[in-house]
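Chemist: Take a look at entry_34.cif, mmCIF, C-alpha atoms:
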data_run
#
loop_
_atom_site.label_atom_id
_atom_site.label_comp_id
_atom_site.auth_asym_id
_atom_site.auth_seq_id
_atom_site.Cartn_x
_atom_site.Cartn_y
_atom_site.Cartn_z
CA MET J 127 -150.73 -161.77 249.06
CA LYS J 128 -150.34 -160.50 252.61
CA ARG J 129 -153.59 -159.74 254.39
CA PHE J 130 -153.48 -157.68 257.56
CA ILE J 131 -156.63 -157.53 259.70
CA LYS J 132 -156.34 -155.85 263.07
CA LYS J 133 -158.85 -154.99 265.76
CA ALA J 134 -158.44 -151.35 264.84
CA VAL J 135 -159.92 -152.08 261.43
CA ILE J 136 -163.30 -152.94 263.01
CA SER J 137 -163.52 -149.69 264.93
CA VAL J 138 -162.42 -147.64 261.95
CA MET J 139 -165.09 -149.17 259.72
CA SER J 140 -167.80 -148.71 262.36
CA ALA J 141 -167.13 -144.99 262.54
CA THR J 142 -167.81 -142.31 259.99
CA ILE J 143 -164.73 -142.19 257.80
CA VAL J 144 -163.48 -138.83 256.55
CA VAL J 145 -161.13 -139.14 253.63
CA SER J 146 -158.71 -136.24 253.23
CA SER J 147 -157.72 -134.60 249.96
CA SER J 148 -154.48 -136.58 250.06
CA PHE J 149 -156.45 -139.38 248.36
CA SER J 150 -157.36 -137.22 245.37
CA ILE J 151 -154.90 -139.01 243.12
CA TYR J 152 -157.20 -142.01 243.23
CA ASN J 153 -160.34 -140.16 242.13
CA ASN J 154 -159.98 -141.49 238.60
CA TYR J 155 -161.63 -144.85 239.16
CA THR J 156 -162.81 -145.62 235.66
CA ALA J 157 -162.10 -149.00 234.05
CA HIS J 158 -158.45 -149.68 233.31
CA ALA J 159 -157.79 -148.67 229.74
CA GLU J 160 -157.68 -151.33 227.12
CA PHE J 161 -154.77 -151.60 224.73
CA ILE J 162 -155.04 -148.38 222.71
CA SER J 163 -154.74 -148.35 218.95
CA ASN J 164 -152.17 -145.84 217.66
CA THR J 165 -152.94 -146.11 213.95
CA VAL J 166 -151.13 -144.22 211.22
CA ILE J 167 -153.07 -141.13 210.06
CA SER J 168 -150.69 -139.63 207.51
CA ARG J 169 -150.82 -142.28 204.81
CA GLU J 170 -150.81 -140.44 201.46
CA CYS J 171 -151.89 -137.11 202.95
CA PRO J 172 -150.62 -134.01 201.04
CA ALA J 173 -146.83 -133.88 201.49
CA TYR J 174 -144.50 -130.97 200.69
CA SER J 175 -140.81 -130.16 200.53
CA SER J 176 -138.86 -127.31 198.97
CA ALA J 177 -138.64 -129.34 195.76
CA GLY J 178 -142.43 -129.75 195.63
CA THR J 179 -144.78 -132.64 196.31
CA GLY J 180 -143.36 -135.31 193.99
CA SER J 181 -140.54 -136.75 196.06
CA ALA J 182 -142.19 -135.75 199.33
CA SER J 183 -145.11 -138.10 198.66
CA SER J 184 -142.69 -141.03 198.71
CA ALA J 185 -142.25 -140.43 202.44
CA ASN J 186 -145.79 -141.35 203.44
CA ASP J 187 -146.98 -143.84 200.86
CA LYS J 188 -147.41 -147.47 201.89
CA TYR J 189 -144.16 -148.60 200.26
CA TYR J 190 -141.34 -148.45 202.79
CA TYR J 191 -138.81 -149.14 200.08
CA SER J 192 -139.51 -145.70 198.57
CA PHE J 193 -138.00 -142.68 200.35
CA TRP J 194 -138.13 -138.93 200.34
CA ASN J 195 -134.68 -138.00 199.03
CA SER J 196 -133.40 -134.46 199.33
CA SER J 197 -130.45 -132.32 200.36
CA ALA J 198 -130.39 -130.35 203.60
CA PRO J 199 -131.46 -127.78 204.47
CA ASP J 200 -134.94 -128.91 203.52
CA TYR J 201 -138.25 -129.76 205.13
CA LEU J 202 -140.82 -132.52 204.89
CA ALA J 203 -144.30 -131.18 205.70
CA TYR J 204 -147.69 -132.89 205.96
CA ASP J 205 -151.12 -131.29 205.68
CA LEU J 206 -153.29 -133.16 208.20
CA SER J 207 -156.28 -130.82 207.96
CA ASP J 208 -158.49 -133.54 206.49
CA VAL J 209 -157.80 -135.87 209.43
CA PRO J 210 -160.58 -135.54 212.08
CA GLU J 211 -159.38 -133.31 214.90
CA ASN J 212 -160.06 -135.94 217.55
CA GLN J 213 -157.58 -138.23 215.77
CA ARG J 214 -154.73 -135.71 215.83
CA LYS J 215 -154.97 -133.95 219.18
CA LYS J 216 -151.68 -135.63 220.04
CA VAL J 217 -149.51 -137.56 217.62
CA ILE J 218 -146.23 -139.38 217.31
CA ALA J 219 -144.13 -138.36 214.34
CA VAL J 220 -141.77 -141.23 213.51
CA TRP J 221 -139.17 -141.20 210.75
CA TYR J 222 -137.15 -144.08 209.34
CA ASN J 223 -133.86 -144.09 207.48
CA ALA J 224 -132.57 -147.09 205.51
CA THR J 225 -129.19 -147.26 207.31
CA GLY J 226 -128.57 -150.84 208.45
CA GLN J 227 -127.32 -149.99 211.95
CA PHE J 228 -129.70 -148.46 214.50
CA ASP J 229 -126.86 -146.53 216.15
CA TYR J 230 -123.83 -146.30 213.90
CA THR J 231 -121.56 -145.12 216.73
CA VAL J 232 -121.69 -148.44 218.59
CA VAL J 233 -119.69 -150.42 216.02
CA ASN J 234 -118.02 -147.49 214.25
CA GLY J 235 -120.34 -147.86 211.28
CA THR J 236 -121.45 -145.20 208.85
CA SER J 237 -124.73 -143.36 208.40
CA ASN J 238 -126.39 -142.95 205.04
CA GLY J 239 -128.67 -139.98 204.51
CA MET J 240 -129.59 -139.91 208.20
CA PRO J 241 -130.88 -136.67 209.73
CA SER J 242 -128.62 -135.54 212.56
CA ASP J 243 -129.86 -131.97 213.11
CA TYR J 244 -133.52 -131.03 212.77
CA THR J 245 -136.61 -129.57 214.38
CA ILE J 246 -140.18 -130.86 214.63
CA GLU J 247 -142.62 -128.02 213.95
CA VAL J 248 -146.37 -127.38 213.73
CA ASN J 249 -148.54 -124.77 212.03
CA ALA J 250 -152.15 -123.64 212.55
CA ALA J 251 -152.66 -122.45 208.96
CA GLU J 252 -155.62 -123.79 207.01
CA GLY J 253 -154.99 -126.78 204.80
CA GLY J 254 -154.64 -126.77 201.05
CA THR J 255 -151.69 -124.43 200.54
CA TYR J 256 -148.27 -124.86 202.13
CA PRO J 257 -147.70 -122.05 204.67
CA GLU J 258 -144.35 -120.28 204.33
CA ASP J 259 -144.52 -118.77 207.82
CA GLY J 260 -146.23 -119.37 211.14
CA TRP J 261 -144.24 -122.49 212.02
CA GLU J 262 -143.70 -123.20 215.73
CA VAL J 263 -140.82 -125.38 216.93
CA ILE J 264 -141.91 -128.23 219.20
CA GLU J 265 -138.63 -130.12 219.53
CA THR J 266 -135.02 -129.56 218.50
CA ILE J 267 -132.60 -132.43 217.87
CA LYS J 268 -128.83 -131.98 217.54
CA ASP J 269 -126.15 -134.59 216.85
CA ASN J 270 -128.55 -137.50 216.44
CA THR J 271 -126.88 -140.87 215.76
CA LEU J 272 -129.99 -143.07 215.47
CA HIS J 273 -131.51 -144.19 212.17
CA SER J 274 -135.08 -143.71 213.41
CA ARG J 275 -136.79 -141.56 216.06
CA GLN J 276 -140.23 -140.98 217.53
CA HIS J 277 -141.48 -137.57 218.64
CA VAL J 278 -144.64 -136.91 220.67
CA VAL J 279 -146.36 -133.76 219.42
CA ASP J 280 -149.38 -131.89 220.80
CA MET J 281 -151.28 -130.85 217.68
CA SER J 282 -154.39 -129.37 219.29
CA GLY J 283 -155.28 -126.35 217.17
CA TYR J 284 -152.76 -127.19 214.44
CA ASN J 285 -153.24 -128.58 210.93
CA TRP J 286 -149.67 -129.00 209.72
CA ILE J 287 -146.57 -130.80 210.94
CA ARG J 288 -143.10 -130.78 209.46
CA MET J 289 -139.60 -132.06 210.01
CA ASN J 290 -137.15 -129.26 209.19
CA ILE J 291 -133.69 -130.72 208.54
CA THR J 292 -130.50 -128.66 208.67
CA GLY J 293 -127.86 -131.39 208.88
CA ASN J 294 -127.30 -135.02 207.94
CA ASP J 295 -124.70 -137.62 208.86
CA GLY J 296 -123.26 -135.37 211.56
CA LYS J 297 -122.53 -132.40 209.32
CA SER J 298 -124.28 -129.35 207.92
CA GLY J 299 -126.16 -129.94 204.71
CA GLY J 300 -125.81 -133.43 203.36
CA TYR J 301 -128.11 -135.97 201.79
CA THR J 302 -131.49 -136.91 203.30
CA SER J 303 -133.34 -140.18 202.76
CA ILE J 304 -136.30 -141.00 205.01
CA ASN J 305 -139.87 -142.17 205.38
CA MET J 306 -142.09 -140.46 207.97
CA ASP J 307 -145.41 -141.56 209.48
CA ILE J 308 -147.74 -139.74 211.83
CA HIS J 309 -149.68 -141.86 214.35
CA ASN J 310 -152.65 -140.92 216.49
CA VAL J 311 -151.81 -141.09 220.22
CA SER J 312 -154.57 -138.74 221.40
CA GLU J 313 -155.90 -141.34 223.86
CA GLY J 314 -152.46 -142.48 225.02
CA ILE J 315 -149.42 -144.40 223.78
CA SER J 316 -149.78 -148.17 223.78
CA ASP J 317 -148.99 -149.48 220.33
CA SER J 318 -145.42 -148.27 220.01
CA TRP J 319 -142.55 -150.75 219.79
CA ILE J 320 -138.79 -150.92 219.41
CA PHE J 321 -136.77 -154.08 218.76
CA TYR J 322 -133.18 -153.97 220.04
CA GLY J 323 -130.87 -156.77 219.01
CA ASP J 324 -128.01 -157.97 216.81
CA SER J 325 -127.79 -158.53 213.04
CA ILE J 326 -130.74 -160.94 213.03
CA THR J 327 -132.91 -158.10 214.35
CA ALA J 328 -131.23 -155.51 212.12
CA CYS J 329 -131.89 -157.54 208.98
CA GLY J 330 -135.29 -158.82 210.03
CA MET J 331 -137.25 -156.12 211.83
CA MET J 332 -137.20 -153.26 209.35
CA ASN J 333 -140.44 -151.72 208.13
CA CYS J 334 -141.57 -153.72 205.13
CA TYR J 335 -144.45 -153.35 202.71
CA GLY J 336 -146.75 -156.34 203.08
CA THR J 337 -144.54 -158.45 205.37
CA GLY J 338 -143.46 -156.10 208.17
CA PHE J 339 -144.36 -156.51 211.83
CA ALA J 340 -146.84 -153.62 211.64
CA GLU J 341 -148.30 -154.99 208.40
CA TYR J 342 -148.77 -158.46 209.87
CA VAL J 343 -150.43 -157.08 212.99
CA ASN J 344 -152.75 -155.06 210.76
CA GLN J 345 -153.56 -158.18 208.75
CA ILE J 346 -154.51 -160.00 211.96
CA ASP J 347 -156.61 -157.08 213.23
CA SER J 348 -157.21 -154.06 211.00
CA SER J 349 -157.89 -151.81 214.00
CA TYR J 350 -154.14 -151.72 214.72
CA TYR J 351 -151.10 -150.44 212.84
CA PRO J 352 -148.16 -150.33 215.29
CA ILE J 353 -145.45 -147.72 215.48
CA GLN J 354 -142.31 -149.80 215.05
CA GLU J 355 -138.59 -149.07 215.16
CA ASN J 356 -135.82 -151.50 214.31
CA GLY J 357 -133.11 -151.20 216.96
CA GLY J 358 -130.84 -153.91 215.54
CA ILE J 359 -127.07 -153.52 215.18
CA GLY J 360 -125.00 -156.21 213.49
CA GLY J 361 -122.20 -157.91 215.39
CA ILE J 362 -123.07 -156.81 218.92
CA ARG J 363 -123.59 -158.82 222.11
CA SER J 364 -125.74 -158.42 225.18
CA SER J 365 -122.94 -156.43 226.83
CA ASP J 366 -123.26 -153.76 224.12
CA GLY J 367 -127.00 -153.61 224.67
CA ALA J 368 -126.54 -153.22 228.42
CA GLU J 369 -123.96 -150.48 227.91
CA ASN J 370 -126.28 -148.39 225.71
CA ILE J 371 -129.80 -149.26 226.88
CA GLU J 372 -130.33 -146.18 229.08
CA ARG J 373 -129.24 -143.79 226.33
CA TRP J 374 -131.46 -145.49 223.75
CA LEU J 375 -134.49 -145.59 226.04
CA ALA J 376 -134.16 -141.85 226.66
CA ALA J 377 -134.98 -141.31 222.98
CA PHE J 378 -137.91 -143.76 222.88
CA PRO J 379 -141.35 -142.54 224.06
CA GLY J 380 -143.11 -145.82 223.25
CA GLN J 381 -144.19 -148.69 225.47
CA TYR J 382 -142.86 -152.06 224.29
CA VAL J 383 -139.14 -152.85 224.18
CA SER J 384 -137.71 -156.10 222.82
CA ILE J 385 -134.16 -157.14 223.68
CA ALA J 386 -133.06 -159.95 221.38
CA TYR J 387 -129.37 -160.62 221.96
CA GLY J 388 -127.54 -163.88 222.45
CA THR J 389 -126.49 -165.28 219.07
CA ASN J 390 -123.12 -163.52 219.19
CA ASP J 391 -122.77 -164.25 222.91
CA ALA J 392 -123.26 -167.96 222.20
CA TRP J 393 -121.09 -168.13 219.07
CA GLY J 394 -118.21 -170.42 220.03
CA ASN J 395 -118.62 -169.56 223.69
CA PRO J 396 -120.58 -172.00 225.87
CA SER J 397 -119.20 -170.55 229.11
CA ALA J 398 -120.57 -166.97 229.12
CA THR J 399 -124.17 -167.77 229.99
CA GLU J 400 -124.07 -166.05 233.38
CA GLN J 401 -122.72 -162.85 231.85
CA TYR J 402 -125.49 -163.02 229.25
CA TYR J 403 -128.06 -163.42 232.02
CA GLU J 404 -126.65 -160.48 234.00
CA ASN J 405 -126.64 -158.23 230.93
CA THR J 406 -130.18 -159.20 230.00
CA ALA J 407 -131.44 -158.77 233.56
CA TYR J 408 -129.83 -155.32 233.69
CA MET J 409 -131.62 -154.28 230.48
CA VAL J 410 -134.93 -155.66 231.76
CA GLU J 411 -134.55 -153.67 234.96
CA LYS J 412 -133.76 -150.45 233.07
CA ILE J 413 -136.79 -150.93 230.83
CA LEU J 414 -139.00 -151.46 233.88
CA GLU J 415 -137.49 -148.42 235.60
CA ALA J 416 -138.42 -146.39 232.52
CA GLY J 417 -142.04 -147.49 232.91
CA LYS J 418 -142.00 -149.63 229.77
CA ASN J 419 -142.72 -153.27 229.02
CA PRO J 420 -139.71 -155.54 228.34
CA ILE J 421 -140.00 -158.38 225.83
CA VAL J 422 -137.43 -161.18 225.56
CA PRO J 423 -137.66 -163.79 222.76
CA LYS J 424 -135.80 -167.09 222.68
CA ILE J 425 -132.45 -167.05 220.85
CA PRO J 426 -132.81 -168.61 217.36
CA TYR J 427 -131.59 -172.12 216.70
CA ALA J 428 -128.71 -172.37 214.23
CA THR J 429 -127.46 -175.28 212.15
CA GLU J 430 -123.96 -173.83 212.49
CA SER J 431 -122.73 -175.92 215.44
CA ALA J 432 -120.60 -173.13 216.90
CA VAL J 433 -123.88 -171.38 217.65
CA GLY J 434 -126.51 -174.10 217.64
CA ASP J 435 -124.79 -176.31 220.19
CA ASN J 436 -124.75 -173.44 222.69
CA VAL J 437 -128.20 -171.97 222.09
CA PRO J 438 -129.97 -174.28 224.61
CA LEU J 439 -127.52 -173.19 227.32
CA TYR J 440 -128.28 -169.54 226.70
CA ASN J 441 -132.01 -170.05 226.34
CA ALA J 442 -131.93 -171.64 229.79
CA MET J 443 -130.94 -168.13 230.92
CA VAL J 444 -133.93 -166.71 229.05
CA GLU J 445 -136.13 -169.09 231.02
CA LYS J 446 -134.44 -167.83 234.17
CA ILE J 447 -135.31 -164.27 233.12
CA TYR J 448 -138.96 -165.31 232.68
CA GLU J 449 -138.93 -166.86 236.15
CA ASN J 450 -137.20 -164.01 237.97
CA TYR J 451 -138.94 -161.18 236.11
CA PRO J 452 -142.59 -162.12 235.63
CA GLU J 453 -143.22 -158.67 234.13
CA VAL J 454 -141.30 -159.73 231.02
CA VAL J 455 -143.46 -160.47 227.98
CA LYS J 456 -142.40 -163.76 226.43
CA GLY J 457 -141.37 -163.19 222.84
CA PRO J 458 -141.41 -165.81 220.07
CA ASP J 459 -139.63 -169.12 220.66
CA PHE J 460 -137.18 -168.84 217.78
CA GLU J 461 -135.17 -171.83 218.99
CA THR J 462 -138.09 -174.18 218.42
CA PHE J 463 -139.21 -172.37 215.28
CA PHE J 464 -135.91 -172.66 213.42
CA ARG J 465 -135.17 -176.11 214.77
CA GLU J 466 -138.44 -177.17 213.13
CA ASN J 467 -137.83 -175.03 210.02
CA PRO J 468 -134.08 -175.15 209.27
CA ASP J 469 -134.82 -174.57 205.58
CA LEU J 470 -135.62 -170.94 206.54
CA LEU J 471 -131.98 -170.34 207.50
CA SER J 472 -129.48 -168.96 204.99
CA SER J 473 -126.37 -170.77 203.82
CA ASP J 474 -124.35 -169.69 206.87
CA GLY J 475 -126.70 -171.67 209.12
CA VAL J 476 -127.15 -168.73 211.50
CA HIS J 477 -128.97 -165.88 209.78
CA PRO J 478 -132.44 -166.45 208.33
CA SER J 479 -133.02 -166.33 204.61
CA GLU J 480 -135.25 -163.64 203.13
CA SER J 481 -138.22 -165.95 203.59
CA GLY J 482 -137.01 -166.76 207.08
CA TYR J 483 -136.97 -163.09 208.06
CA ALA J 484 -140.52 -162.65 206.76
CA ALA J 485 -141.55 -165.71 208.79
CA MET J 486 -139.89 -164.20 211.88
CA ARG J 487 -141.83 -160.97 211.50
CA GLU J 488 -145.05 -162.89 211.08
CA LEU J 489 -144.32 -164.96 214.19
CA TRP J 490 -143.55 -161.78 216.09
CA ALA J 491 -146.94 -160.35 215.09
CA LYS J 492 -148.86 -163.52 215.97
CA THR J 493 -147.08 -163.94 219.30
CA MET J 494 -147.50 -160.31 220.35
CA TYR J 495 -151.12 -160.31 219.28
CA ASP J 496 -151.72 -163.24 221.63
CA GLU J 497 -149.45 -162.04 224.45
CA VAL J 498 -150.14 -158.30 224.37
CA TYR J 499 -153.03 -157.13 222.18
CA SER J 500 -155.52 -159.85 223.11
CA ALA J 501 -154.33 -160.11 226.71
CA GLU J 502 -154.64 -156.37 227.32
CA SER J 503 -158.13 -156.30 225.82
CA SER J 504 -159.30 -159.14 228.05
CA ASN J 505 -157.75 -157.88 231.29
CA THR J 506 -159.88 -154.78 231.83
CA THR J 507 -160.74 -154.31 235.49
CA ILE J 508 -162.90 -151.68 237.15
CA ASP J 509 -161.34 -150.31 240.32
CA GLY J 510 -163.50 -151.26 243.29
CA ASP J 511 -165.57 -153.84 241.39
CA VAL J 512 -164.81 -156.58 243.90
CA ASN J 513 -167.87 -158.66 242.99
CA ALA J 514 -166.83 -158.53 239.33
CA ASP J 515 -170.25 -157.54 237.99
CA GLY J 516 -168.92 -154.82 235.71
CA ILE J 517 -169.92 -151.83 237.87
CA PHE J 518 -168.79 -150.20 241.10
CA ASN J 519 -171.53 -149.49 243.67
CA ILE J 520 -172.58 -149.96 247.31
CA ALA J 521 -172.65 -153.75 246.90
CA ASP J 522 -168.88 -153.74 246.41
CA VAL J 523 -168.36 -151.66 249.55
CA VAL J 524 -170.46 -154.11 251.58
CA ILE J 525 -168.50 -157.10 250.27
CA MET J 526 -165.22 -155.34 250.98
CA LYS J 527 -166.32 -154.62 254.57
CA LYS J 528 -167.37 -158.25 255.13
CA TRP J 529 -164.13 -159.52 253.69
CA LEU J 530 -162.05 -157.31 255.95
CA LEU J 531 -164.06 -158.58 258.92
CA CYS J 532 -163.49 -162.20 257.82
CA ALA J 533 -167.21 -162.61 257.21
CA GLY J 534 -167.15 -162.86 253.47
CA ASP J 535 -165.09 -163.67 250.40
CA MET J 536 -163.12 -161.44 248.03
CA THR J 537 -163.95 -162.51 244.50
CA GLU J 538 -161.53 -160.19 242.73
CA TRP J 539 -158.73 -158.96 244.97
CA LYS J 540 -157.02 -156.86 242.33
CA ALA J 541 -160.10 -154.67 241.98
CA GLY J 542 -160.07 -154.13 245.74
CA ASP J 543 -156.45 -152.99 245.89
CA LEU J 544 -157.29 -149.33 245.27
CA ASN J 545 -153.98 -147.83 246.33
CA LYS J 546 -151.98 -150.42 244.36
CA ASP J 547 -149.72 -151.54 247.18
CA ASP J 548 -150.51 -155.28 246.84
CA VAL J 549 -152.24 -155.27 250.23
CA ILE J 550 -156.00 -155.06 250.73
CA ASN J 551 -156.78 -153.28 253.99
CA VAL J 552 -158.75 -150.46 255.60
CA PHE J 553 -157.04 -147.85 253.47
CA ASP J 554 -158.52 -149.40 250.34
CA PHE J 555 -161.91 -149.46 252.10
CA CYS J 556 -161.59 -145.72 252.83
CA LEU J 557 -160.91 -145.07 249.18
CA MET J 558 -163.94 -147.12 248.15
CA LYS J 559 -166.24 -145.06 250.43
CA HIS J 560 -164.72 -141.88 249.03
CA MET J 561 -165.29 -143.12 245.48
CA LEU J 562 -168.92 -143.89 246.26
CA ILE J 563 -169.49 -140.40 247.71
CA GLU J 564 -167.95 -138.84 244.60
CA GLN J 565 -170.24 -140.74 242.21
#
Any chance you could put this one into structure tokens?

Modeler:
Amino acid sequence: MKRFIKKAVISVMSATIVVSSSFSIYNNYTAHAEFISNTVISRECPAYSSAGTGSASSANDKYYYSFWNSSAPDYLAYDLSDVPENQRKKVIAVWYNATGQFDYTVVNGTSNGMPSDYTIEVNAAEGGTYPEDGWEVIETIKDNTLHSRQHVVDMSGYNWIRMNITGNDGKSGGYTSINMDIHNVSEGISDSWIFYGDSITACGMMNCYGTGFAEYVNQIDSSYYPIQENGGIGGIRSSDGAENIERWLAAFPGQYVSIAYGTNDAWGNPSATEQYYENTAYMVEKILEAGKNPIVPKIPYATESAVGDNVPLYNAMVEKIYENYPEVVKGPDFETFFRENPDLLSSDGVHPSESGYAAMRELWAKTMYDEVYSAESSNTTIDGDVNADGIFNIADVVIMKKWLLCAGDMTEWKAGDLNKDDVINVFDFCLMKHMLIEQ
């Protein structure tokens, strides 16, 4: 870290420092937020559609293999009036369709009961009886091609939320088949994930009762139940991911983004490692530009030699990504896992078996709990708490002054970098004095 100490610093600190209002953006000097739980709040709440409550209740039970099936135009409405208001001030409404391809336009696939035209709406009516009127449109979606979507909704003052569908599969009317969960994001969005990748992701990272990523995380720590989308598309390579990543990210309001390509890049092609690296680096950069956290797992080992022989070459590029982009969260090491557990691969020697997919999801949950959930909870830092005693007060200002004058030691430099420019200098000291005055 660069440290700049000039003679001017001494004179500035000796004088009375007046901090202008231009520093007001730093007035929020509370402890950095821990990883925030975004638990599901709609499980088995009263559900309604034009056909009644029978089929609608299949949309928010715990069994992701059961779906709300209907024909557009129709609505799926939830009565959240029994959920405490502080748990539904702001929510994410996320729906899931069973179509195998995340975006059916990429490989000219087909959709299957996937909403393409709909609105997300809220209603302030009291709970207990479905309100026929009073619905307010929050968001309008036209020509959707994705098999799942998340929508952030301000529900302050509202008791009801509904998805009002007018078209499916790119046409008016049509058949609808979805699940829909509502998650509490009133304190912020942390626990929201999407997993982009090829067929191994598409077949493995769907929402599953009992053995899904969200279920496994919840089994590890019951205070969490992640929002999770499966962004897998069979048959694609890293180049396809790079081509579409910006468009996909524009529809994703969550925080954690996995990019798990490479099996198809490596299949019979040991010489395209640099292109794979460039594509992956491009996706990482776009995720970072969007203010989200990129995750890159190791490419799975395969007993099929056309893939398996090349996997180490491509995973060397993953290691290069880790080295060049330290912001990347390291995903599971699927090369080592399947090399040690080849019995969890299917007969083609490339794709996991049903048990192998369940094991992958479990490893994802365990790895992310260690790398993200636990790490975030343990890395809380109070701005200005340079002596790391858990509070910010005059003692921290004194230590900061001594450190800048080379008469003391900085015990926690990150806490002293108030303006987040990776340099600790007089400007940070000014902010500390301003913070102390404001207390």

Chemist: Given the PyMOL selection byres ((chain J and resi 344) around 12) and the file above, list the residues it selects as a VMD selection string.

Modeler: chain J and resid 163 to 166 317 335 to 343 345 to 353 488 491 to 492 495 499

Chemist: Write out the residues from the selection above, keeping C-alpha atoms, as a tab-separated table (two decimals), keeping the file's coordinate frame.

Modeler:
chain	number	residue	atom	x	y	z
J	163	SER	CA	-154.74	-148.35	218.95
J	164	ASN	CA	-152.17	-145.84	217.66
J	165	THR	CA	-152.94	-146.11	213.95
J	166	VAL	CA	-151.13	-144.22	211.22
J	317	ASP	CA	-148.99	-149.48	220.33
J	335	TYR	CA	-144.45	-153.35	202.71
J	336	GLY	CA	-146.75	-156.34	203.08
J	337	THR	CA	-144.54	-158.45	205.37
J	338	GLY	CA	-143.46	-156.10	208.17
J	339	PHE	CA	-144.36	-156.51	211.83
J	340	ALA	CA	-146.84	-153.62	211.64
J	341	GLU	CA	-148.30	-154.99	208.40
J	342	TYR	CA	-148.77	-158.46	209.87
J	343	VAL	CA	-150.43	-157.08	212.99
J	345	GLN	CA	-153.56	-158.18	208.75
J	346	ILE	CA	-154.51	-160.00	211.96
J	347	ASP	CA	-156.61	-157.08	213.23
J	348	SER	CA	-157.21	-154.06	211.00
J	349	SER	CA	-157.89	-151.81	214.00
J	350	TYR	CA	-154.14	-151.72	214.72
J	351	TYR	CA	-151.10	-150.44	212.84
J	352	PRO	CA	-148.16	-150.33	215.29
J	353	ILE	CA	-145.45	-147.72	215.48
J	488	GLU	CA	-145.05	-162.89	211.08
J	491	ALA	CA	-146.94	-160.35	215.09
J	492	LYS	CA	-148.86	-163.52	215.97
J	495	TYR	CA	-151.12	-160.31	219.28
J	499	TYR	CA	-153.03	-157.13	222.18

Chemist: Counting only C-alpha atoms, which residue out of J:Phe228, J:Val311, J:Gly253, J:Gly235 sits closest to Arg275 (chain J)?

Modeler: J:Phe228

Chemist: Write out as a ChimeraX atom specification which residues come within 10 Å of Glu445 (chain J) when counting all atoms listed in the file, dropping same-chain ones fewer than 3 positions away.

Modeler: /J:403,422-424,440-442,448-451,456

Chemist: Just give me the gap between CA of Glu355 (chain J) and CA of Ile320 (chain J) in Å, one decimal is fine.

Modeler: 4.6 Å

Chemist: For a quick check of understanding, using only C-alpha atoms, which of J:Val232, J:Val437, J:Val523, J:Ala432 has the smallest distance to Arg373 (chain J)?

Modeler: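 Looking only at the distances to Arg373 (chain J), the closest residue turns out to be J:Val232.
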
Chemist: Decode the PyMOL selection byres ((chain J and resi 308) around 7) for the given file into explicit residues and return them as a list in words.

Modeler: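 Evaluating the PyMOL selection byres ((chain J and resi 308) around 7) on this file yields Val166, Ile167, Ser168, Val217, Ile218, Ala219, Val220, Met306, Asp307, His309 and Asn310 of chain J.
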
Chemist: Please write as a ChimeraX atom specification the full residue list that the PyMOL selection byres ((chain J and resi 298) around 9) yields on this file.

Modeler: /J:198-199,242-243,292-297,299-300

Chemist: Env of Thr462 (chain J): 12 Å cut, atoms = all atoms listed in the file, seq-sep filter 3 positions within chain, self excluded. Answer as a PyMOL selection string.

Modeler: chain J and resi 423-428+434+437-438+441+458-459+465-468+489

Chemist: For a test of reading the model, state the distance in Å between CA of Ser500 (chain J) and CA of Ile315 (chain J), rounded to one decimal.

Modeler: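 Separation between CA of Ser500 (chain J) and CA of Ile315 (chain J): 16.6 Å.
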
Chemist: Please, what distance in Å, to one decimal, runs between CA of Gly357 (chain J) and CA of Phe321 (chain J)?

Modeler: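 Value for the CA of Gly357 (chain J)-CA of Phe321 (chain J) distance: 5.0 Å.
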
Chemist: Could the residues of region 217-298 of chain J that have an atom at most 12 Å from region 171-189 of chain J be listed as JSON lines, each with its closest atom pair and the distance in Å to one decimal, counting only C-alpha atoms and ordered by chain and ascending residue number?

Modeler:
{"residue": "J:Ala219", "atom": "CA", "partner": "J:Asn186", "partner_atom": "CA", "distance": 11.4}
{"residue": "J:Val220", "atom": "CA", "partner": "J:Asn186", "partner_atom": "CA", "distance": 10.8}
{"residue": "J:Trp221", "atom": "CA", "partner": "J:Ala185", "partner_atom": "CA", "distance": 8.9}
{"residue": "J:Tyr222", "atom": "CA", "partner": "J:Ala185", "partner_atom": "CA", "distance": 9.3}
{"residue": "J:Asn223", "atom": "CA", "partner": "J:Ala185", "partner_atom": "CA", "distance": 10.4}
{"residue": "J:Gly253", "atom": "CA", "partner": "J:Pro172", "partner_atom": "CA", "distance": 9.2}
{"residue": "J:Gly254", "atom": "CA", "partner": "J:Pro172", "partner_atom": "CA", "distance": 8.3}
{"residue": "J:Thr255", "atom": "CA", "partner": "J:Pro172", "partner_atom": "CA", "distance": 9.7}
{"residue": "J:Tyr256", "atom": "CA", "partner": "J:Tyr174", "partner_atom": "CA", "distance": 7.3}
{"residue": "J:Pro257", "atom": "CA", "partner": "J:Tyr174", "partner_atom": "CA", "distance": 10.3}
{"residue": "J:Glu258", "atom": "CA", "partner": "J:Ser176", "partner_atom": "CA", "distance": 10.4}
{"residue": "J:Asn285", "atom": "CA", "partner": "J:Pro172", "partner_atom": "CA", "distance": 11.6}
{"residue": "J:Trp286", "atom": "CA", "partner": "J:Ala173", "partner_atom": "CA", "distance": 10.0}
{"residue": "J:Ile287", "atom": "CA", "partner": "J:Ala173", "partner_atom": "CA", "distance": 9.9}
{"residue": "J:Arg288", "atom": "CA", "partner": "J:Tyr174", "partner_atom": "CA", "distance": 8.9}
{"residue": "J:Met289", "atom": "CA", "partner": "J:Ser175", "partner_atom": "CA", "distance": 9.7}
{"residue": "J:Asn290", "atom": "CA", "partner": "J:Ser175", "partner_atom": "CA", "distance": 9.4}
{"residue": "J:Ile291", "atom": "CA", "partner": "J:Ser175", "partner_atom": "CA", "distance": 10.7}
